[in-house]
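Source file: structure22.cif; contents: mmCIF, C-alpha atoms.
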```
data_run
loop_
_atom_site.label_atom_id
_atom_site.label_comp_id
_atom_site.auth_asym_id
_atom_site.auth_seq_id
_atom_site.Cartn_x
_atom_site.Cartn_y
_atom_site.Cartn_z
CA MET A 1 -17.29 24.15 -35.35
CA PRO A 2 -17.29 25.46 -31.76
CA GLU A 3 -20.56 25.13 -29.87
CA PRO A 4 -22.43 28.38 -29.14
CA ASN A 5 -22.33 28.22 -25.33
CA PRO A 6 -19.64 25.81 -24.21
CA PRO A 7 -18.80 25.68 -20.49
CA LYS A 8 -15.89 27.91 -19.55
CA GLU A 9 -14.49 26.11 -16.53
CA PRO A 10 -12.77 22.71 -16.54
CA ALA A 11 -15.11 21.44 -13.82
CA ALA A 12 -18.17 22.57 -15.77
CA LEU A 13 -16.74 21.01 -18.91
CA TRP A 14 -16.08 17.75 -17.06
CA LYS A 15 -19.52 17.63 -15.51
CA ALA A 16 -21.26 18.47 -18.78
CA GLN A 17 -19.92 15.41 -20.57
CA PRO A 18 -22.56 13.37 -22.39
CA GLU A 19 -24.41 10.66 -20.52
CA GLU A 20 -23.44 7.04 -21.09
CA LYS A 21 -25.63 5.33 -23.65
CA THR A 22 -25.98 2.08 -21.71
CA ALA A 23 -27.34 2.12 -18.19
CA VAL A 24 -25.87 -0.12 -15.49
CA THR A 25 -28.34 -2.08 -13.42
CA LEU A 26 -27.65 -4.31 -10.48
CA GLU A 27 -29.71 -7.12 -12.02
CA ASN A 28 -27.51 -7.13 -15.14
CA ILE A 29 -24.36 -7.17 -13.07
CA VAL A 30 -25.51 -10.06 -10.91
CA GLN A 31 -26.63 -11.97 -13.96
CA ARG A 32 -23.32 -11.44 -15.73
CA ARG A 33 -21.35 -12.51 -12.68
CA THR A 34 -23.49 -15.62 -12.32
CA VAL A 35 -22.92 -16.63 -15.92
CA GLU A 36 -19.18 -15.97 -15.63
CA LEU A 37 -18.90 -18.07 -12.49
CA TYR A 38 -20.86 -20.88 -14.08
CA ALA A 39 -18.74 -20.81 -17.24
CA SER A 40 -15.40 -20.91 -15.42
CA THR A 41 -16.50 -23.73 -13.10
CA ARG A 42 -17.87 -25.73 -16.00
CA SER A 43 -14.76 -25.35 -18.17
CA GLU A 44 -12.52 -26.37 -15.26
CA ILE A 45 -14.67 -29.43 -14.59
CA LEU A 46 -14.61 -30.46 -18.24
CA MET A 47 -10.83 -30.07 -18.35
CA SER A 48 -10.49 -32.17 -15.22
CA ILE A 49 -12.71 -34.91 -16.65
CA GLY A 50 -10.54 -34.90 -19.77
CA ALA A 51 -7.36 -35.10 -17.69
CA ALA A 52 -8.79 -37.95 -15.60
CA MET A 53 -9.72 -39.93 -18.71
CA LEU A 54 -6.29 -39.31 -20.19
CA LEU A 55 -4.68 -40.57 -17.01
CA VAL A 56 -6.70 -43.79 -17.17
CA GLY A 57 -5.73 -44.22 -20.82
CA VAL A 58 -2.01 -43.73 -20.12
CA VAL A 59 -2.07 -46.09 -17.14
CA ALA A 60 -3.98 -48.74 -19.10
CA LEU A 61 -1.60 -48.45 -22.02
CA ARG A 62 1.51 -48.67 -19.88
CA PHE A 63 0.48 -51.21 -17.29
CA GLY A 64 -2.43 -53.03 -18.94
CA ALA A 65 -0.43 -56.14 -19.73
CA SER A 66 1.52 -56.15 -16.47
CA ARG A 67 1.46 -59.19 -14.22
CA ASP A 68 3.35 -57.50 -11.38
CA PRO A 69 1.02 -57.37 -8.32
CA LEU A 70 2.39 -53.96 -7.31
CA GLU A 71 1.69 -52.46 -10.71
CA GLU A 72 -1.74 -54.06 -10.85
CA ALA A 73 -2.57 -52.58 -7.45
CA GLY A 74 -1.31 -49.18 -8.65
CA CYS A 75 -3.50 -49.41 -11.74
CA ALA A 76 -6.49 -50.31 -9.62
CA LEU A 77 -5.83 -47.33 -7.35
CA VAL A 78 -5.61 -44.93 -10.29
CA VAL A 79 -8.83 -46.25 -11.79
CA LEU A 80 -10.52 -46.00 -8.40
CA TRP A 81 -9.33 -42.42 -8.00
CA VAL A 82 -10.63 -41.47 -11.43
CA ALA A 83 -13.95 -43.17 -10.71
CA VAL A 84 -14.31 -41.19 -7.46
CA THR A 85 -13.38 -38.00 -9.30
CA LEU A 86 -15.97 -38.57 -12.00
CA TYR A 87 -18.58 -39.49 -9.39
CA ARG A 88 -17.95 -36.24 -7.52
CA LEU A 89 -18.14 -34.27 -10.76
CA ARG A 90 -21.32 -35.81 -12.08
CA ASP A 91 -23.82 -33.41 -10.55
CA ARG A 92 -21.70 -30.36 -11.16
CA ILE A 93 -22.23 -30.58 -14.90
CA ARG A 94 -25.74 -29.37 -15.27
CA PRO A 95 -27.58 -27.13 -17.69
CA ALA A 96 -26.43 -23.50 -17.91
CA PRO A 97 -28.38 -20.88 -15.97
CA SER A 98 -29.85 -19.56 -19.19
CA PRO A 99 -32.26 -18.32 -20.37
CA PRO A 100 -30.87 -15.04 -19.09
CA ASP A 101 -34.21 -13.75 -17.84
CA ALA A 102 -34.49 -16.81 -15.57
CA ALA A 103 -31.17 -15.96 -13.95
CA ALA A 104 -32.20 -12.34 -13.59
CA ALA A 105 -35.48 -13.33 -12.02
CA THR A 106 -33.76 -15.30 -9.28
CA GLY A 107 -31.38 -12.39 -8.69
CA ALA A 108 -29.10 -12.35 -5.70
CA GLU A 109 -30.29 -15.73 -4.45
CA TYR A 110 -29.36 -17.43 -7.69
CA TYR A 111 -26.02 -15.65 -7.62
CA ARG A 112 -25.39 -16.86 -4.08
CA LYS A 113 -26.09 -20.46 -5.12
CA GLU A 114 -23.63 -20.14 -7.98
CA LEU A 115 -21.05 -18.74 -5.57
CA GLU A 116 -21.61 -21.71 -3.26
CA ARG A 117 -21.26 -24.09 -6.15
CA ARG A 118 -17.95 -22.57 -7.19
CA ARG A 119 -16.76 -22.52 -3.58
CA GLU A 120 -17.39 -26.27 -3.30
CA HIS A 121 -15.60 -26.78 -6.57
CA LEU A 122 -12.57 -24.85 -5.31
CA ARG A 123 -12.58 -26.60 -1.95
CA ASP A 124 -12.23 -29.96 -3.68
CA ALA A 125 -8.63 -29.10 -4.43
CA TRP A 126 -7.42 -32.62 -3.72
CA LEU A 127 -9.75 -33.91 -6.40
CA TRP A 128 -8.05 -31.85 -9.08
CA HIS A 129 -4.45 -31.95 -7.98
CA GLY A 130 -4.42 -35.50 -6.64
CA PRO A 131 -4.59 -37.31 -9.99
CA LEU A 132 -1.93 -35.05 -11.45
CA PHE A 133 0.38 -35.67 -8.54
CA LEU A 134 -0.26 -39.38 -8.77
CA ALA A 135 0.42 -39.37 -12.51
CA CYS A 136 3.77 -37.71 -12.00
CA VAL A 137 4.75 -40.11 -9.22
CA ILE A 138 3.92 -42.96 -11.59
CA LEU A 139 6.05 -41.29 -14.25
CA ALA A 140 8.91 -41.03 -11.77
CA GLY A 141 8.37 -44.71 -10.94
CA ILE A 142 8.65 -45.64 -14.60
CA TRP A 143 11.86 -43.65 -14.95
CA THR A 144 13.40 -45.39 -11.99
CA ASP A 145 11.97 -48.74 -13.03
CA TRP A 146 10.29 -48.87 -9.58
CA ARG A 147 13.64 -49.36 -7.87
CA TRP A 148 13.94 -46.59 -5.30
CA THR A 149 17.70 -46.69 -4.87
CA THR A 150 19.53 -43.55 -3.73
CA LEU A 151 20.99 -42.90 -7.15
CA ARG A 152 17.69 -43.27 -8.96
CA LEU A 153 15.87 -41.19 -6.35
CA GLU A 154 18.38 -38.39 -6.85
CA ARG A 155 17.46 -38.34 -10.51
CA VAL A 156 13.76 -37.87 -9.90
CA ALA A 157 13.93 -35.85 -6.69
CA PRO A 158 13.98 -32.41 -8.41
CA LEU A 159 10.90 -33.33 -10.41
CA LEU A 160 9.07 -34.59 -7.35
CA VAL A 161 10.01 -31.52 -5.28
CA LEU A 162 8.91 -29.16 -8.04
CA LEU A 163 5.72 -31.12 -8.44
CA ALA A 164 4.98 -31.05 -4.73
CA LEU A 165 5.58 -27.27 -4.67
CA TRP A 166 3.35 -26.73 -7.68
CA VAL A 167 0.57 -28.87 -6.25
CA GLY A 168 0.92 -27.13 -2.88
CA TYR A 169 0.68 -23.72 -4.53
CA GLY A 170 -2.33 -24.83 -6.58
CA VAL A 171 -4.18 -26.10 -3.51
CA TRP A 172 -3.34 -22.94 -1.53
CA ARG A 173 -4.54 -20.71 -4.38
CA ARG A 174 -7.81 -22.56 -4.72
CA LEU A 175 -8.48 -22.52 -1.01
CA ARG A 176 -7.76 -18.80 -0.88
CA GLN A 177 -10.26 -18.19 -3.69
CA ALA A 178 -12.76 -20.35 -1.84
CA ARG A 179 -12.32 -18.18 1.27
CA GLU A 180 -12.91 -15.03 -0.78
CA LEU A 181 -16.09 -16.54 -2.18
CA GLN A 182 -17.17 -17.51 1.33
CA ARG A 183 -16.76 -13.87 2.37
CA GLU A 184 -18.96 -12.79 -0.53
CA ILE A 185 -21.54 -15.43 0.38
CA ASP A 186 -21.58 -14.18 3.98
CA GLU A 187 -22.11 -10.63 2.73
CA LEU A 188 -25.05 -11.78 0.64
CA ARG A 189 -26.55 -13.54 3.64
CA GLY A 190 -25.92 -10.57 5.89
CA MET B 191 -35.41 4.35 16.93
CA ALA B 192 -35.24 4.51 13.14
CA GLU B 193 -34.15 1.37 11.36
CA GLU B 194 -30.81 1.60 9.54
CA PRO B 195 -31.01 1.47 5.75
CA ASN B 196 -30.10 -1.89 4.27
CA ARG B 197 -27.60 -2.57 1.53
CA GLU B 198 -30.09 -2.22 -1.33
CA GLU B 199 -31.37 1.10 -0.01
CA LEU B 200 -27.84 2.44 0.43
CA TYR B 201 -26.86 1.28 -3.02
CA HIS B 202 -29.88 2.83 -4.69
CA THR B 203 -29.40 6.08 -2.78
CA ALA B 204 -25.75 6.23 -3.83
CA VAL B 205 -26.60 5.54 -7.46
CA ARG B 206 -29.39 8.09 -7.43
CA GLU B 207 -27.17 10.79 -5.97
CA PHE B 208 -23.81 10.00 -7.51
CA GLY B 209 -24.59 7.79 -10.51
CA ARG B 210 -23.63 10.39 -13.10
CA ALA B 211 -20.47 11.27 -11.20
CA LEU B 212 -19.54 7.56 -11.13
CA ASP B 213 -19.97 7.40 -14.90
CA ARG B 214 -17.69 10.40 -15.29
CA LEU B 215 -15.20 8.81 -12.92
CA ALA B 216 -15.12 5.70 -15.12
CA ALA B 217 -14.47 7.95 -18.12
CA GLY B 218 -11.37 9.21 -16.33
CA TYR B 219 -10.02 5.66 -16.21
CA GLU B 220 -11.10 4.06 -19.48
CA ALA B 221 -11.57 5.59 -22.93
CA ASP B 222 -12.98 2.58 -24.77
CA PRO B 223 -16.82 2.58 -24.42
CA ASP B 224 -17.19 -1.22 -24.14
CA LYS B 225 -14.42 -1.58 -21.59
CA ARG B 226 -15.78 1.43 -19.75
CA HIS B 227 -19.14 -0.28 -19.51
CA ASP B 228 -17.41 -3.28 -17.91
CA LEU B 229 -15.61 -0.97 -15.51
CA ARG B 230 -18.87 0.76 -14.60
CA GLN B 231 -20.44 -2.62 -13.92
CA ASP B 232 -17.50 -3.58 -11.77
CA ILE B 233 -17.75 -0.32 -9.83
CA HIS B 234 -21.46 -0.85 -9.22
CA LEU B 235 -20.94 -4.45 -8.14
CA GLN B 236 -18.18 -3.53 -5.69
CA LEU B 237 -20.26 -0.65 -4.42
CA TRP B 238 -23.23 -2.91 -3.81
CA ARG B 239 -21.01 -5.47 -2.08
CA SER B 240 -19.33 -2.82 0.03
CA PHE B 241 -22.57 -1.56 1.55
CA ALA B 242 -22.83 -4.84 3.45
CA VAL B 243 -20.09 -3.50 5.72
CA PHE B 244 -20.87 0.22 5.56
CA ASP B 245 -20.81 1.43 9.16
CA GLY B 246 -21.55 5.13 8.66
CA ARG B 247 -18.20 6.29 10.00
CA CYS B 248 -17.78 8.38 6.87
CA SER B 249 -20.36 9.98 4.63
CA LEU B 250 -22.14 8.03 1.91
CA LYS B 251 -20.44 10.23 -0.66
CA THR B 252 -16.94 9.58 0.68
CA TRP B 253 -17.61 5.85 0.89
CA THR B 254 -19.05 5.71 -2.62
CA PHE B 255 -16.15 7.53 -4.23
CA ARG B 256 -13.57 5.64 -2.21
CA VAL B 257 -14.96 2.32 -3.40
CA ALA B 258 -15.33 3.58 -6.97
CA HIS B 259 -11.77 4.91 -7.14
CA ASN B 260 -10.30 1.80 -5.58
CA THR B 261 -12.15 -0.41 -8.05
CA ALA B 262 -11.02 1.77 -10.94
CA VAL B 263 -7.41 1.78 -9.72
CA SER B 264 -7.45 -2.02 -9.52
CA TYR B 265 -8.78 -2.03 -13.07
CA VAL B 266 -5.94 0.25 -14.18
CA HIS B 267 -3.39 -2.06 -12.59
CA ARG B 268 -4.94 -5.06 -14.33
CA GLU B 269 -4.84 -3.28 -17.67
CA ARG B 270 -1.50 -1.62 -17.12
CA ARG B 271 0.48 -3.80 -19.52
CA LYS B 272 -1.58 -2.35 -22.37
CA ASN B 273 -1.06 1.26 -21.33
CA THR B 274 1.80 3.66 -21.57
CA VAL B 275 3.70 4.78 -18.50
CA PHE B 276 1.73 7.07 -16.20
CA VAL B 277 3.02 10.45 -15.10
CA SER B 278 2.61 12.45 -11.94
CA LEU B 279 1.17 15.95 -11.65
CA GLU B 280 4.65 17.16 -10.73
CA GLU B 281 6.11 15.80 -13.96
CA VAL B 282 3.29 17.29 -16.00
CA GLU B 283 3.74 20.68 -14.37
CA ARG B 284 7.48 20.56 -14.98
CA THR B 285 7.18 19.65 -18.65
CA ALA B 286 4.02 21.55 -19.56
CA PRO B 287 4.43 23.16 -22.99
CA SER B 288 2.60 26.41 -22.33
CA GLY B 289 2.88 27.60 -25.93
CA ALA B 290 1.27 24.48 -27.36
CA ARG B 291 -2.31 25.50 -26.70
CA GLU B 292 -4.81 25.63 -29.49
CA PRO B 293 -6.46 29.05 -29.69
CA ASP B 294 -10.03 27.87 -30.30
CA ILE B 295 -11.52 24.55 -29.51
CA ASP B 296 -15.01 23.11 -29.26
CA ARG B 297 -16.39 21.43 -26.18
CA ALA B 298 -16.09 17.86 -27.44
CA ARG B 299 -12.45 18.30 -28.31
CA ALA B 300 -11.69 20.10 -25.06
CA LEU B 301 -13.36 17.29 -23.11
CA GLU B 302 -11.43 14.73 -25.11
CA GLN B 303 -8.17 16.49 -24.25
CA LEU B 304 -9.10 16.78 -20.61
CA ALA B 305 -10.03 13.08 -20.38
CA ALA B 306 -6.85 12.06 -22.17
CA PHE B 307 -4.85 14.18 -19.76
CA ILE B 308 -6.54 12.55 -16.77
CA ARG B 309 -5.93 9.06 -18.09
CA GLN B 310 -2.20 9.60 -18.45
CA LEU B 311 -1.85 10.46 -14.76
CA LYS B 312 -0.78 8.11 -12.03
CA PRO B 313 -3.83 6.65 -10.22
CA LEU B 314 -3.55 8.75 -7.06
CA ASP B 315 -3.17 11.99 -8.99
CA ARG B 316 -6.06 10.89 -11.16
CA GLN B 317 -8.25 10.44 -8.08
CA ILE B 318 -7.41 13.93 -6.91
CA LEU B 319 -7.99 15.55 -10.28
CA ILE B 320 -11.31 13.79 -10.87
CA SER B 321 -12.48 14.69 -7.36
CA TYR B 322 -11.39 18.28 -7.95
CA LEU B 323 -13.35 18.39 -11.20
CA GLU B 324 -16.34 17.05 -9.28
CA GLU B 325 -15.92 20.17 -7.13
CA MET B 326 -15.10 18.39 -3.90
CA ASP B 327 -13.18 20.32 -1.29
CA ALA B 328 -9.69 19.40 -0.09
CA ALA B 329 -11.00 17.80 3.10
CA SER B 330 -13.32 15.46 1.18
CA ILE B 331 -10.58 14.57 -1.28
CA ALA B 332 -8.23 13.88 1.61
CA GLU B 333 -10.81 11.60 3.18
CA ILE B 334 -11.25 9.68 -0.08
CA THR B 335 -7.58 9.36 -0.97
CA GLY B 336 -6.12 9.01 2.51
CA LEU B 337 -3.65 11.86 1.91
CA SER B 338 -3.30 14.73 4.32
CA PRO B 339 -5.39 17.84 3.56
CA ALA B 340 -2.17 19.86 3.18
CA ASN B 341 -0.84 17.42 0.61
CA VAL B 342 -4.13 17.50 -1.25
CA ALA B 343 -4.16 21.30 -1.20
CA MET B 344 -0.69 21.32 -2.73
CA LYS B 345 -1.78 18.91 -5.44
CA ILE B 346 -4.86 21.01 -6.16
CA HIS B 347 -2.66 24.06 -6.54
CA ARG B 348 -0.64 22.16 -9.14
CA ILE B 349 -3.81 21.01 -10.88
CA LYS B 350 -5.06 24.59 -11.14
CA ASN B 351 -1.74 25.68 -12.62
CA ILE B 352 -1.72 22.88 -15.13
CA LEU B 353 -5.32 23.35 -16.17
CA SER B 354 -4.99 27.08 -16.62
CA ASN B 355 -1.51 27.16 -18.13
CA ARG B 356 -1.49 24.12 -20.26
CA PHE B 357 -4.63 23.49 -22.16
CA LEU B 358 -7.79 24.82 -20.58
CA GLU B 359 -8.15 28.52 -20.62
CA GLU B 360 -11.35 30.48 -20.69
CA LYS B 361 -10.48 32.42 -23.80
CA ARG B 362 -10.18 29.20 -25.74
CA TYR B 363 -13.93 28.76 -25.60
CA ALA B 364 -14.75 32.27 -26.63
#
```
Go through the file and emit its structure as structure tokens.
Amino acid sequence: MPEPNPPKEPAALWKAQPEEKTAVTLENIVQRRTVELYASTRSEILMSIGAAMLLVGVVALRFGASRDPLEEAGCALVVLWVAVTLYRLRDRIRPAPSPPDAAAATGAEYYRKELERRREHLRDAWLWHGPLFLACVILAGIWTDWRWTTLRLERVAPLLVLLALWVGYGVWRRLRQARELQREIDELRG
Amino acid sequence: MAEEPNREELYHTAVREFGRALDRLAAGYEADPDKRHDLRQDIHLQLWRSFAVFDGRCSLKTWTFRVAHNTAVSYVHRERRKNTVFVSLEEVERTAPSGAREPDIDRARALEQLAAFIRQLKPLDRQILISYLEEMDAASIAEITGLSPANVAMKIHRIKNILSNRFLEEKRYA
């Protein structure tokens, strides 16, 4: 049923639309962003820990019984790398910023700290892409039986080139995100 | 010499003066209430961030709507795969079925139709139409969109034709 006194002009009609039921507050926005940042950093860290452990498992399985000094040294390097990775990750896994009212209470300052935390996480690109690159080089080594002849190298070259490109792109993307976060941090400080 | 307002003051002033208009703007970009709430949050966050670099070279109103529209347009691009193809005002004017109007319509339905019409437009045309409905003049709209005032005036002429010929006519509310 038509309303008794509806607005007659499109602009009046547009401006008379009902108010939104939920208000937007800056505190809610900052809190939501903080939680989102925390969740994405945490899930990436957990995935990386999983990948690092998997890499150790694969290396141990494949080269555990080896008596070749080169392979033993390679194994030791991989384990060392994983140990460094896990060491660097240890203090990044910490309790979530909940309860929500605690995050809201700290406001922009808490948000800035979360931004800095994610920026550091992104800047450690080598930490995330290094083990993957190493794993693939090992895989290529297995395929070629560690004999880097021209013929064997030709077989693995496409894989290595693609891998290098992918790793390069991944590092570039992470560093770009880190720069964007740095800009946001500077704005918050300003 | 008076101290310049800081980011929080600018943000709160903008929200106080244009908060309702920003909500309406979001309605011109997203129909779903939950997604619209996210878009509104995004607009407010970008607005708050933007005031860190606000230099007063344009008015607070122009700045606010420029940021809001840009944020909303980015949102539309992100969500584009889920939407149908957008049309321009020119296409709408060309294909407008003038005989398809409903004779009587209540306000809620008319608003629904108007919002649906806005949301099918290409982002730039959407910006112009929403600004027009907010009763901004051609110069302000030109400043927000970056188009020339003459181009905006031409688009507004089209908008008026479409609105009056196609589906919003005074007698429909009688």
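Note that atom CA of Ile138 of chain A and atom CA of Glu72 of chain A are 12.5 Å apart.
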Using all atoms listed in the file, the best pick from B:Glu324, B:Glu198, B:Asp315, B:Glu220 as closest to chain A would be B:Glu324
How many Å separate atom CA of Leu319 of chain B from atom CA of Glu19 of chain A?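 Atom CA of Glu19 of chain A lies at a distance of 20.0 Å from atom CA of Leu319 of chain B.
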Just to confirm, what's the straight-line distance from atom CA of Ala258 of chain B to atom CA of Val282 of chain B in Å (one decimal)?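 One can read the atom CA of Ala258 of chain B to atom CA of Val282 of chain B distance as 24.8 Å.
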Hits of the PyMOL selection byres ((chain A and resi 118) around 9) in this structure, as a tab-separated table (two decimals) with C-alpha atoms, keeping the file's coordinate frame:
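To be explicit, this is the file written out as expr-v1.tsv:
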```
chain	number	residue	atom	x	y	z
A	37	LEU	CA	-18.90	-18.07	-12.49
A	38	TYR	CA	-20.86	-20.88	-14.08
A	40	SER	CA	-15.40	-20.91	-15.42
A	41	THR	CA	-16.50	-23.73	-13.10
A	113	LYS	CA	-26.09	-20.46	-5.12
A	114	GLU	CA	-23.63	-20.14	-7.98
A	115	LEU	CA	-21.05	-18.74	-5.57
A	116	GLU	CA	-21.61	-21.71	-3.26
A	117	ARG	CA	-21.26	-24.09	-6.15
A	119	ARG	CA	-16.76	-22.52	-3.58
A	120	GLU	CA	-17.39	-26.27	-3.30
A	121	HIS	CA	-15.60	-26.78	-6.57
A	122	LEU	CA	-12.57	-24.85	-5.31
A	123	ARG	CA	-12.58	-26.60	-1.95
A	178	ALA	CA	-12.76	-20.35	-1.84
A	181	LEU	CA	-16.09	-16.54	-2.18
```
The PyMOL selection byres ((chain B) within 10 of (chain A)) applied to the shown file, residues as a PDB file with C-alpha atoms, in the coordinates of the input:
```
ATOM      1  CA  ASN B 196     -30.100  -1.890   4.270  1.00  0.00           C
ATOM      2  CA  ARG B 197     -27.600  -2.570   1.530  1.00  0.00           C
ATOM      3  CA  GLU B 198     -30.090  -2.220  -1.330  1.00  0.00           C
ATOM      4  CA  TYR B 201     -26.860   1.280  -3.020  1.00  0.00           C
ATOM      5  CA  HIS B 202     -29.880   2.830  -4.690  1.00  0.00           C
ATOM      6  CA  VAL B 205     -26.600   5.540  -7.460  1.00  0.00           C
ATOM      7  CA  GLY B 209     -24.590   7.790 -10.510  1.00  0.00           C
ATOM      8  CA  ARG B 210     -23.630  10.390 -13.100  1.00  0.00           C
ATOM      9  CA  ALA B 211     -20.470  11.270 -11.200  1.00  0.00           C
ATOM     10  CA  ASP B 213     -19.970   7.400 -14.900  1.00  0.00           C
ATOM     11  CA  ARG B 214     -17.690  10.400 -15.290  1.00  0.00           C
ATOM     12  CA  LEU B 215     -15.200   8.810 -12.920  1.00  0.00           C
ATOM     13  CA  ALA B 217     -14.470   7.950 -18.120  1.00  0.00           C
ATOM     14  CA  GLY B 218     -11.370   9.210 -16.330  1.00  0.00           C
ATOM     15  CA  PRO B 223     -16.820   2.580 -24.420  1.00  0.00           C
ATOM     16  CA  ASP B 224     -17.190  -1.220 -24.140  1.00  0.00           C
ATOM     17  CA  ARG B 226     -15.780   1.430 -19.750  1.00  0.00           C
ATOM     18  CA  HIS B 227     -19.140  -0.280 -19.510  1.00  0.00           C
ATOM     19  CA  ASP B 228     -17.410  -3.280 -17.910  1.00  0.00           C
ATOM     20  CA  ARG B 230     -18.870   0.760 -14.600  1.00  0.00           C
ATOM     21  CA  GLN B 231     -20.440  -2.620 -13.920  1.00  0.00           C
ATOM     22  CA  ASP B 232     -17.500  -3.580 -11.770  1.00  0.00           C
ATOM     23  CA  ILE B 233     -17.750  -0.320  -9.830  1.00  0.00           C
ATOM     24  CA  HIS B 234     -21.460  -0.850  -9.220  1.00  0.00           C
ATOM     25  CA  LEU B 235     -20.940  -4.450  -8.140  1.00  0.00           C
ATOM     26  CA  TRP B 238     -23.230  -2.910  -3.810  1.00  0.00           C
ATOM     27  CA  ARG B 239     -21.010  -5.470  -2.080  1.00  0.00           C
ATOM     28  CA  SER B 240     -19.330  -2.820   0.030  1.00  0.00           C
ATOM     29  CA  PHE B 241     -22.570  -1.560   1.550  1.00  0.00           C
ATOM     30  CA  ALA B 242     -22.830  -4.840   3.450  1.00  0.00           C
ATOM     31  CA  VAL B 243     -20.090  -3.500   5.720  1.00  0.00           C
ATOM     32  CA  ASP B 294     -10.030  27.870 -30.300  1.00  0.00           C
ATOM     33  CA  ILE B 295     -11.520  24.550 -29.510  1.00  0.00           C
ATOM     34  CA  ASP B 296     -15.010  23.110 -29.260  1.00  0.00           C
ATOM     35  CA  ARG B 297     -16.390  21.430 -26.180  1.00  0.00           C
ATOM     36  CA  ALA B 298     -16.090  17.860 -27.440  1.00  0.00           C
ATOM     37  CA  ARG B 299     -12.450  18.300 -28.310  1.00  0.00           C
ATOM     38  CA  ALA B 300     -11.690  20.100 -25.060  1.00  0.00           C
ATOM     39  CA  LEU B 301     -13.360  17.290 -23.110  1.00  0.00           C
ATOM     40  CA  GLU B 302     -11.430  14.730 -25.110  1.00  0.00           C
ATOM     41  CA  LEU B 304      -9.100  16.780 -20.610  1.00  0.00           C
ATOM     42  CA  ALA B 305     -10.030  13.080 -20.380  1.00  0.00           C
ATOM     43  CA  LEU B 319      -7.990  15.550 -10.280  1.00  0.00           C
ATOM     44  CA  ILE B 320     -11.310  13.790 -10.870  1.00  0.00           C
ATOM     45  CA  SER B 321     -12.480  14.690  -7.360  1.00  0.00           C
ATOM     46  CA  TYR B 322     -11.390  18.280  -7.950  1.00  0.00           C
ATOM     47  CA  LEU B 323     -13.350  18.390 -11.200  1.00  0.00           C
ATOM     48  CA  GLU B 324     -16.340  17.050  -9.280  1.00  0.00           C
ATOM     49  CA  GLU B 325     -15.920  20.170  -7.130  1.00  0.00           C
ATOM     50  CA  LYS B 350      -5.060  24.590 -11.140  1.00  0.00           C
ATOM     51  CA  LEU B 353      -5.320  23.350 -16.170  1.00  0.00           C
ATOM     52  CA  SER B 354      -4.990  27.080 -16.620  1.00  0.00           C
ATOM     53  CA  PHE B 357      -4.630  23.490 -22.160  1.00  0.00           C
ATOM     54  CA  LEU B 358      -7.790  24.820 -20.580  1.00  0.00           C
ATOM     55  CA  GLU B 359      -8.150  28.520 -20.620  1.00  0.00           C
ATOM     56  CA  GLU B 360     -11.350  30.480 -20.690  1.00  0.00           C
ATOM     57  CA  LYS B 361     -10.480  32.420 -23.800  1.00  0.00           C
ATOM     58  CA  ARG B 362     -10.180  29.200 -25.740  1.00  0.00           C
ATOM     59  CA  TYR B 363     -13.930  28.760 -25.600  1.00  0.00           C
ATOM     60  CA  ALA B 364     -14.750  32.270 -26.630  1.00  0.00           C
TER      61      ALA B 364
END
```
